Structure formats: structure tokens, C-alpha cells
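Working notes for the structure below.
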Amino acid sequence: MAKAQAATQKPEMLLDIRDLRIEARVFPPDEAPKTVTLVHDVSLTLKRGKVLGLIGESGAGKSTIGLSSMAFGRGGVKITGGQVLLNGRDILTLGPKGVRKLRGREVCYVAQSAAAAFNPAHKLMDQVVEAARLHGVATRAEAEKRAVALFRKLSLPNPETIGNRYPHQVSGGQLQRVMTAMALCSEPDLIVFDEPTTALDVTTQIDVLAAIKDAIRDTHVAALYISHDLAVVAQVADEILVLRHGRLVERGDTHQIIKLPQQDYTRALVAVHEIDHTEKQPSTTPMLSVKNVTAAYGGGAVKVLKNVSVDLHPGQTLAVVGESGSGKSTLARAITGLLPPQAGSISFDGRTLSNRLADRPKEDLRQLQMIYQMADVAMNPRQTVGTIIGRPLEFYFGMRGKARDQRVAELLDKIEMGQGFANRYPAELSGGQKQRVCIARALAAKPKLIICDEVTSALDPLVANGILKLLLELQQEEKVAYLFITHDIATVKSIADAIAVMYRGEVVRYGSKSQVLAPPFDAYTELLLSSVPEMEQGWLESAIQGRRMESAGN
Amino acid sequence: MSSSILKLIAQRIALGLLLLFAVSVLIFIGTQILPGDVAQSILGQSATAESLANLREALGLNDPAYIRYFRWLGGVLTGNLGTALSSGQDIASAIGGRLWNTLFLAFWAAAVSVPLAIVLGLLAVRYRNGFVDKLISGLALASTSLPEFFIGYLLVYFFAVQWQIFPGISTVYDGMPFLERMKAIALPATALTLVVLAHMMRMTRAAILNVMQSAYIETAELKGLSPFEIIRKHAFPNAIAPVVNVVMLNLAYLIVGVVVVEVIFVYPGMGQYLVDHVAKRDVPVVQAVGLIFAAVYITLNMIADIAAILANPRLRHPK
């Protein structure tokens with residue numbers, strides 16, 4: 001093959017990054033602009049046809065390093081030191097024209113959110129073949145033929161015609177595969193996968209991951225695979241690079257990193273999911289009882305909750321799990337009265353709640369609080385932490401002045417943040433700290449129930465773990481119950497007392513944690529459980545195998 | 001084309017017609033509450049009470065307002081805009097030639113200003129925050145900040161008086177050769193262009209810059225496309241809706257807001273006609289011109305709405 005010949009002419013070492021230093025100019029509010037270093041002298045090498053995993057939390061510099069292989073700095077980011085040798089030459093010295101020649105030709109990029117990375121105004125095929133056409137790799141007809149073959153390899157439905165569709169006409173998981181096809185279409189030497197499955201549902205992630213892995217194997221393309229999820233990276237990478245705060249923590253082959261980690265930080269990453277939590281037994285009377293609730297959007301046109309019934313006992317945690325679109329957040333909206341149910345009733349603490357939020361007395365509002373996924377947009381950026389936490393104290397209890405400040409200090413203490421934070425603004429806090437402030441704000445109302453809607457989904461695993469531990473401690477102290485909405489089974493295992501599995505608006509499985517997580521499983525719960533990546537090499541293949549057998553049996 | 005998109009367009013058109021009807025009511029009411037008496041202004045201060053009463057009777061001014069409104073509306077719908085009180089001329093035929101003149105001027109002003117504004121907007125984005133961007137924005141904003149009568153007199157001073165390239169008075173007549181006509185409207189068209197250019201240019205720039213923040217622009221950049229290709233191929237198609245909107249708004253201004261420029265250059269268009277007849281308290285003419293201006297405004301905005309619907313791939317190609 002022509003490709004094999006070309007490979008023999010090119011050097012064996014595809015990518016050799018030496019002492020890479022990347023800086024950015026930041027403009028903090030009320031301060032002079034300053035330069036921060038994002039990547040501190042990181043070196044790495046990647047041989048032709050191999051896959052290197054880059055792992056770390058947000059801010060570790062993974063994407064920044066990945067994009068440096070295309071001589072690209074996102075936003076105000078600048079590569080200020082070191083060398084990036086690609087196919088034997090330093091691409092940092094090429095200049096804008098030379099860099100454009102290698103982007104989309106030698107190195108291609110697969111973004112985290114394909115839905116945002118495709119241009120909504122053009123058909124998929126036009127975008128998939130664009131780079132190949134631009135760089136003269138193939139004629140339009142050849143490129144389209146290759147694209148269709150790639151669509152087929154990536155198991156996309158209707159590979160012949162899917163290219164005629166627009167991005168919004170294709171699902172998120174399919175778009176992610178089309179983006180992989182787009183990257184492969186110009187036959188690059190290297191693909192940078194930047195969290196390609198992070199935005200997907202767990203059951204979709206496994207399909208996309210398998211498709212990407214097959215495509216990498218069959219095309220012999222090398223890859224930098226960036227993710228915060230070590231279990232995912234372990235499925236595709238030959239070697240793994242662990243990064244933290246822009247510095248190299250540890251490098252090793254995949255087996256060594258997940259089985260014999262040398263550094264404390266890597267060990268923490270490997271061990272991240274485990275929290276001890278003993279399941280509590282249900283009490284005689286539930287505190288929240290949702291009975292046969294049906295709810296719909298668009299004046300009854302789109303039914304999103306169908307005959308849902310669940311109970312939540314005082315001081316316990318009910319986890320509601322399901323994929324996006326399963327109706328879990330809608331259940332929260334129905335309980336809070338934001339979306340009045342069409343049928344069914346919701347009783348709370350021995351009384352029936354009014355369907356509509358506007359009809360509920362202040363006391364009902366106080367006892368039922370919410371915490372959201374995106375902590376930063378759930379807070380007023382112009383208010384200090386003290387004001388944000390103090391607001392419910394004023395609103396529900398009429399607290400003012402010293403009394404309020406004292407209570408704010410107590411609450412800050414409870415969320416393990418010092419008194420000094422009261423005068424800070426949300427923009428000055430990290431993601432985990434913001435979520436803690438939201439928890440304190442909910443607790444300030446002394447509620448009996450807090451609805452937690454994907455509260456850890458936007459956080460790094462270690463930070464999320466800290467938040468879960470905090471929530472469990474607070475439950476002990478305050479005897480508050482949680483309705484915990486999540487798509488993450490691992491989180492559920494850590495904190496739930498009871499579990500409701502939702503699928504397309506219905507509760508398909510419901511009971512205590514030990515019941516729900518013990519076989520025999522219904523088909524959907526089985527699929528959900530088997531789709532959670534495990535920190536084992538070869539897990540992907542066996543999971544897919546198991547699923548194929550199951551779907552063949554259906 | 002899908003049925004949902006046809007429905008949306010039909011809704012826009014129906015809404016436009018409803019709006020036009022509402023505007024006709026407003027125009028009628030507005031002209032009724034204007035101070036002054038038409039009969040008095042026609043016959044002058046020396047008229048006798050009897051002749052005033054006779055004229056009022058003849059003009060139908062004694063009928064109740066709603067009857068006069070429906071009589072007027074019925075006339076408009078059948079193409080009869082009434083007769084001018086001051087001259088006794090048929091308004092429709094008087095307006096015909098003038099409307100054409102105004103549209104001719106507006107067309108050429110638009111033909112120059114719209115492409116120029118969009119190209120300048122694209123250039124400003126390409127060299128954003130650099131010298132070219134600041135130069136373009138600075139000049140465009142300066143031209144907008146100057147009142148149009150001032151621009152008009154500046155143009156007249158230099159091009160007509162000092163250098164004598166173009167006529168300072170834009171006289172046009174029927175059967176005028178095309179090139180002569182173009183020469184006559186050169187200065188008013190330039191003045192109009194300078195007035196509307198900056199708004200369209202700045203909005204084009206802002207709309208495209210907004211799109212340039214999108215993730216798919218980064219995708220294009222990482223495919224190795226050149227900056228101008230990225231703007232042309234990936235940013236501009238997604239900025240069409242806001243750009244069309246501001247273009248239409250300015251086209252409407254070119255037709256409706258042309259009054260001052262027409263007066264400066266003594267150009268025989270709708271604006272001049274309107275100003276003359278407001279001075280004469282000629283209510284039917286003011287009503288007719290007002291209604292035509294409103295129709296132009298509503299139609300252009302409706303076209304902008306429909307273009308925005310058609311430019312949205314989600315509406316054009318539903319799931």
C-alpha cells in the first residue's frame with residue numbers, strides 16, 4: 001500500500017515534544033493583566049501508529065499540550081518555549097502558512113463537543129471532505145468515497161446518505177463518529193482526540209469508544225487521546241501521561257499506570273470512585289411521595305414523565321439515574337412545581353403539595369431546596385459569597401446584620417471553606433468551591449429535602465468525590481434528604497439508599513440500592529451497568545461482546 | 001420546502017398585513033388631530049364663512065371620522081389615493097413618477113452601500129483590532145456622526161462648487177438619458193451611502209465576530225483554512241440573519257428617510273412631495289405618502305424576517 005511505503009520513508013518517531021512551555025495572558029478583574037504559565041517544560045514522544053493517553057483534571061494542560069501538536073494556541077494562549085518536532089521538523093518555526101499546510105493534513109483534531117464543532121450551515125459531507133480537498137489529498141469524488149467507507153467502518157447508520165444531512169439532524173453520538181471520520185478522511189499521521197466521549201451518555205460512549213478504537217487500529221493512525229477519565233483512556237491508549245497543573249506527574253504504559261501507579265496523585269486518580277456508605281433502611285412513612293405523576297411539555301404534546309411513582313424517606317438519599325432525555329430533571333421540575341404535572345400527586349411531609357409553584361406557601365419553598373449542575377450560572381456573579389449565602393437567611397428567617405453574618409460564617413465552616421471567602425465573588429472560586437457555596441445556600445434555608453441535579457457532573461473526579469463526601473456528612477448532621485439526579489452509576493453506588501432507574505420518562509426499576517444493583521437485571525439496567533467503564537484493559541471488548549450477545553438475543 | 005417553514009412565512013405575511021392595517025388607522029387618526037382647517041388653508045384668510053362651509057361639504061369633511069376613514073381605505077384598496085386638496089391633482093398619478101425617482105435613488109445608494117458595507121465588515125473582522133479595522137470603523141463612524149444635511153452641503157461644496165464634477169441640484173425629467181440621470185443622482189446617492197454605511201458595516205462586523213467565537217470556527221482553523229476563507233465560508237453563512245436584518249432596516253431608511261437629502265438636492269422624489277404638502281396642510285397627500293412609506297418599511301422588515309427563517313438550516317431541514 002502507498003501508505004505503508006510512505007511510512008517507511010518517514011521517521012519512526014512521529015511526534016517529539018521537548019520542554020514545551022505554554023503561557024497565557026490573563027486579565028483578572030480589578031487587577032493588572034499578568035502572564036500565567038499553563039504548561040511547565042513538558043516533554044513527550046509518540047511513535048508512528050501508537051496511542052498516547054493524556055490524563056488529568058481541568059487545568060492540567062491536556063488540551064493545551066494536545067493542540068500544540070498543531071502549533072495552535074486556543075484564545076490568548078501562546079507557546080513560548082521548547083520544540084514540537086512533527087515528522088522530524090520543528091513546527092513552531094514554520095510560520096502561519098507552513099502551519100496551515102500541516103493542520104488538517106498531517107494532524108487532525110476531534111473535539112469534545114462535535115455538536116458545536118460542526119458548522120450548522122453546511123452539510124456533513126461538505127465538512128468531512130473539506131480538509132482533504134483543501135490539501136489536495138484527494139479529488140472530491142475520491143474523498144467522498146473514502147468518507148462513506150469511514151462512515152461504514154464507524155458503524156454509522158445509512159453510510160451512503162448520512163453525509164447529506166445537516167449536523168442538527170444527527171444525534172450527538174453519531175456526530176462524534178462523523179467527526180472522527182472527518183479527521184481520518186485526509187489520512188493524517190496523527191489525530192488529537194480531545195475528550196471525544198465526555199459529553200455523551202454512558203451507553204453511547206461505549207459505542208463511540210469502540211468505533212474510535214477500531215478505526216485507530218485499522219488505519220494505523222497515531223493518536224493523542226485526551227480525557228479526564230482514566231478508565232476510558234485505559235481502553236485505547238498504549239501509554240499514559242498523567243498531568244497536573246501543567247506539569248508531568250507520571251508516564252508509563254497503560255498497565256503500569258492503572259495497576260502499579262508510582263505517584264500519589266496517580267494512585268488517587270485510580271482509586272477515585274470509592275466511598276464507604278452503608279445503606280439506610282426505609283422508615284415507615286416516606287417524607288416525599290410522588291404518586292403516578294405524568295407531565296408534559298408543549299401543552300401536553302410531548303409526554304416526558306409517564307406515571308412515575310417514587311418515595312423518599314427522611315434523611316435518606318434517593319438516586320434517580322438515567323440518560324439524557326430520560327426525564328430525570330423533569331421529575332425535579334415537577335416536584336418543585338416549575339412544571340405542574342398533568343396527573344398524579346406529590347405529597348411532602350404529610351401534606352399534598354400544590355401543583356403550581358406560585359400556589360405554594362413560603363414554608364413549602366423553604367423546605368425544598370435545589371442545587372444545580374452548573375454552579376457558576378446558578379449564582380449572581382455580581383454578589384459576594386456572603387450575600388449569596390445570606391440571601392435565604394434574610395428571605396426565610398428575616399435575619400439581618402450580625403446574626404446573619406454569624407450564620408453565614410457557620411455555613412462556610414460547614415462546607416469546609418474559611419470565613420475569608422465571604423467577601424469573594426464567584427469568579428474568584430474554583431469549580432468545586434462554587435458548588436460548595438451552592439450547597440451552603442441550599443442548607444441556609446434549613447430544608448428537609450434538597451434536590452441535587454447532576455451536581456458533580458461538571459467537576460473533576462477528585463473534586464466531585466470531595467463534594468459527595470461533604471454531602472454525606474451534611475446529611476448526617478442536618479438529617480436532610482437528597483433526591484440525587486445523576487447519569488453516573490458510580491456516584492449512585494457511593495451515596496444512594498434507594499435508586500430509581502429512568503428510561504424514556506418511565507421508572508423501569510426502583511427499590512433499595514442493594515435490590516436495584518443485584519441481579520437479575522432488566523435489559524436497560526443491565527445495559528446501563530455494563531456501560532460504565534472499568535479500570536481494566538480489555539474491558540471495552542468484553543463489554544461490547546456481552547452487549548452484542550444480549551442484543552442478538554432480543 | 002417543508003410545511004412548517006411555509007406556515008412560518010405565511011404567519012409573517014399575515015402579521016405584516018395586520019400591521020399595515022393598524023398603521024393606516026394611526027395615520028388617519030394622526031392627520032385628523034393635526035391643527036388647522038383644510039378649507040381655510042385652501043381658500044385663505046379672506047374667505048367668507050359660507051364659501052368655507054360649501055367647500056367643507058364638497059370635500060366631505062363634515063362626515064363622521066370613521067366614515068371618512070373607510071371611504072379613504074376603500075379608495076386605497078382600489079388604487080384610488082384621492083385628489084390633492086391644494087392642486088386638485090390625482091395623487092396616485094402624481095406619486096407614480098416621484099415614487100419611481102425615490103426608488104431609483106434608493107436602489108443605486110443600496111447597490112453601492114450594501115456590498116461595500118459587507119466587504120468592509122469582512123475586512124474589519126479579518127484584521128480585527130488592527131490598523132485596518134480601526135481605520136474602517138473610524139471613517140464609517142465619522143460619516144455616520146455627521147448629520148446628513150451637513151454631508152450633503154459638503155458634497156455640494158466640493159463636487160459641485162469647487163471642482164464642478166457633479167451638479168449640485170439633482171434635476172431629473174422623463175426621458176432623461178441613463179448616464180445623465182446617474183450623474184444627477186451621484187451626490188444624493190453618495191450622501192445616502194455615507195449615512196447608512198457605518199450602521200451596516202458595524203453590524204456585519206459584530207454579527208461575524210459573534211460567530212467567530214463558535215467552536216466550528218476553531219474546527220475550520222484546525223483544518224488549515226486561511227483566515228479569509230474561514231470568515232467567508234464558515235462565519236458569514238451563520239451571520240446572514242442579523243446582517244439581512246440591518247440591511248433591510250437601512251434599505252427602508254433609504255426610501256423612507258430620504259426626505260432631508262431630497263430637499264437638499266431638490267430631487268423630485270417622495271420626500272420632497274411629502275414636505276411640500278405637509279406645509280400646505282394637504283391631508284390626503286400626507287396620508288397617501290405616509291401609507292406608502294409604512295408599506296415599504298413593513299415589507300422590507302418582513303423580507304428580513306423571511307430571509308432569517310430561510311437562512312436557518314434547522315428550519316429549512318427539520319429532523
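Chain identifiers are assigned as A, B, and so on, following the order in which chains appear in the C-alpha cells; residues are numbered from 1 within each chain, and ligands are numbered from 1 in order of appearance.
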
Within 12 Å of chain A: residues of chain B, using only C-alpha atoms, as a ChimeraX atom specification: /B:211-227,229-230,233-241,310-319

Which residues of region 188-254 of chain B come within 7 Å of region 111-131 of chain B, and what is each one's closest atom pair and distance in Å (one decimal), counting only C-alpha atoms, sorted by chain and residue number, as CSV?
```
residue,atom,partner,partner_atom,distance
B:Thr193,CA,B:Ser113,CA,5.2
B:Leu197,CA,B:Ala117,CA,5.6
B:Met200,CA,B:Ala117,CA,5.8
B:Met201,CA,B:Ala117,CA,4.5
B:Arg202,CA,B:Gly121,CA,6.6
B:Thr204,CA,B:Gly121,CA,5.3
B:Arg205,CA,B:Gly121,CA,4.6
B:Leu209,CA,B:Val125,CA,6.5
B:Pro227,CA,B:Arg126,CA,6.8
B:Phe228,CA,B:Arg126,CA,6.4
B:Val247,CA,B:Val114,CA,6.9
```

d(CA of Ala210 (chain A), CA of Ile162 (chain A)) in Å: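 Distance reported for this atom pair: 19.9 Å.
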
Contacts of region 143-160 of chain B within 6 Å, only C-alpha atoms, excl. fewer than 5 positions in-chain, as a PyMOL selection string: chain B and resi 165-168+191+194-195

Atomic distance CA of Leu18 (chain B) - CA of Leu300 (chain B), expressed in Å with one decimal: 15.1 Å

Atom pair CA of Leu52 (chain A) / CA of Thr93 (chain A): separation (Å): 24.4 Å

Shell of 12 Å around Ala343 (chain A), only C-alpha atoms, local chain residues under 2 positions omitted, as a ChimeraX atom specification: /A:290-296,300,303,305-309,334,339-341,345-346,355

10 Å contact set for Ser227 (chain A), only C-alpha atoms, chain neighbours under 3 positions out, as a ChimeraX atom specification: /A:53-58,62-63,112,193-198,224,230-233

Go ahead and dump the residues you just picked, N, CA and C atoms, as a compact mmCIF listing (two decimals), in the first residue's frame.
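Result saved to out_37.txt:
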```
# COMPACT_ATOMS: atom_id res chain seq x y z
N GLY A 53 -2.22 8.37 25.86
CA GLY A 53 -3.30 9.00 26.61
C GLY A 53 -2.77 10.15 27.44
N LEU A 54 -3.46 11.29 27.41
CA LEU A 54 -3.10 12.41 28.28
C LEU A 54 -4.22 12.53 29.30
N ILE A 55 -3.86 12.41 30.57
CA ILE A 55 -4.90 12.40 31.59
C ILE A 55 -4.62 13.43 32.67
N GLY A 56 -5.68 13.98 33.21
CA GLY A 56 -5.53 14.97 34.27
C GLY A 56 -6.83 15.71 34.48
N GLU A 57 -6.87 16.53 35.53
CA GLU A 57 -8.07 17.31 35.80
C GLU A 57 -8.12 18.52 34.88
N SER A 58 -9.22 19.28 34.98
CA SER A 58 -9.25 20.51 34.20
C SER A 58 -8.17 21.44 34.72
N LYS A 62 -3.91 19.42 29.45
CA LYS A 62 -4.01 18.32 28.48
C LYS A 62 -4.33 18.83 27.07
N SER A 63 -5.43 19.61 26.97
CA SER A 63 -5.84 20.10 25.65
C SER A 63 -4.79 21.03 25.08
N GLN A 112 -14.31 17.82 21.75
CA GLN A 112 -15.18 17.23 22.77
C GLN A 112 -16.64 17.27 22.36
N PHE A 193 -7.48 13.46 19.85
CA PHE A 193 -8.84 13.25 20.35
C PHE A 193 -8.97 14.01 21.67
N ASP A 194 -9.77 15.05 21.70
CA ASP A 194 -9.88 15.87 22.90
C ASP A 194 -11.19 15.56 23.62
N GLU A 195 -11.14 14.67 24.56
CA GLU A 195 -12.33 14.23 25.31
C GLU A 195 -13.49 13.86 24.38
N PRO A 196 -13.27 12.96 23.43
CA PRO A 196 -14.31 12.75 22.40
C PRO A 196 -15.58 12.10 22.93
N THR A 197 -15.53 11.46 24.09
CA THR A 197 -16.76 10.79 24.56
C THR A 197 -17.32 11.41 25.83
N THR A 198 -16.69 12.47 26.33
CA THR A 198 -17.07 13.01 27.63
C THR A 198 -18.50 13.56 27.65
N LEU A 224 -3.19 11.18 20.03
CA LEU A 224 -3.11 11.69 21.40
C LEU A 224 -4.54 11.64 21.92
N LEU A 230 -9.72 8.15 33.51
CA LEU A 230 -8.64 7.18 33.34
C LEU A 230 -9.16 5.86 32.81
N ALA A 231 -10.34 5.45 33.25
CA ALA A 231 -10.89 4.17 32.81
C ALA A 231 -11.13 4.17 31.30
N VAL A 232 -11.54 5.33 30.76
CA VAL A 232 -11.76 5.44 29.31
C VAL A 232 -10.43 5.38 28.57
N VAL A 233 -9.47 6.15 29.05
CA VAL A 233 -8.16 6.20 28.39
C VAL A 233 -7.52 4.81 28.39
```

Close residues, Tyr273 (chain B) itself excluded, 12 Å, only C-alpha atoms, min 4 positions apart in chain, as a ChimeraX atom specification: /B:84,91,94-99,101-102,258-260,262-263,266-269,277-280,282,285-286,288-290

Distance query Tyr66 (chain B) at most 10 Å, only C-alpha atoms, self and fewer than 3 positions along chain excluded, as a list in words: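 After dropping sequence-adjacent residues, the list is Val25, Phe28, Ile29, Asp63, Tyr69, Phe70, Arg71 and Trp72 of chain B.
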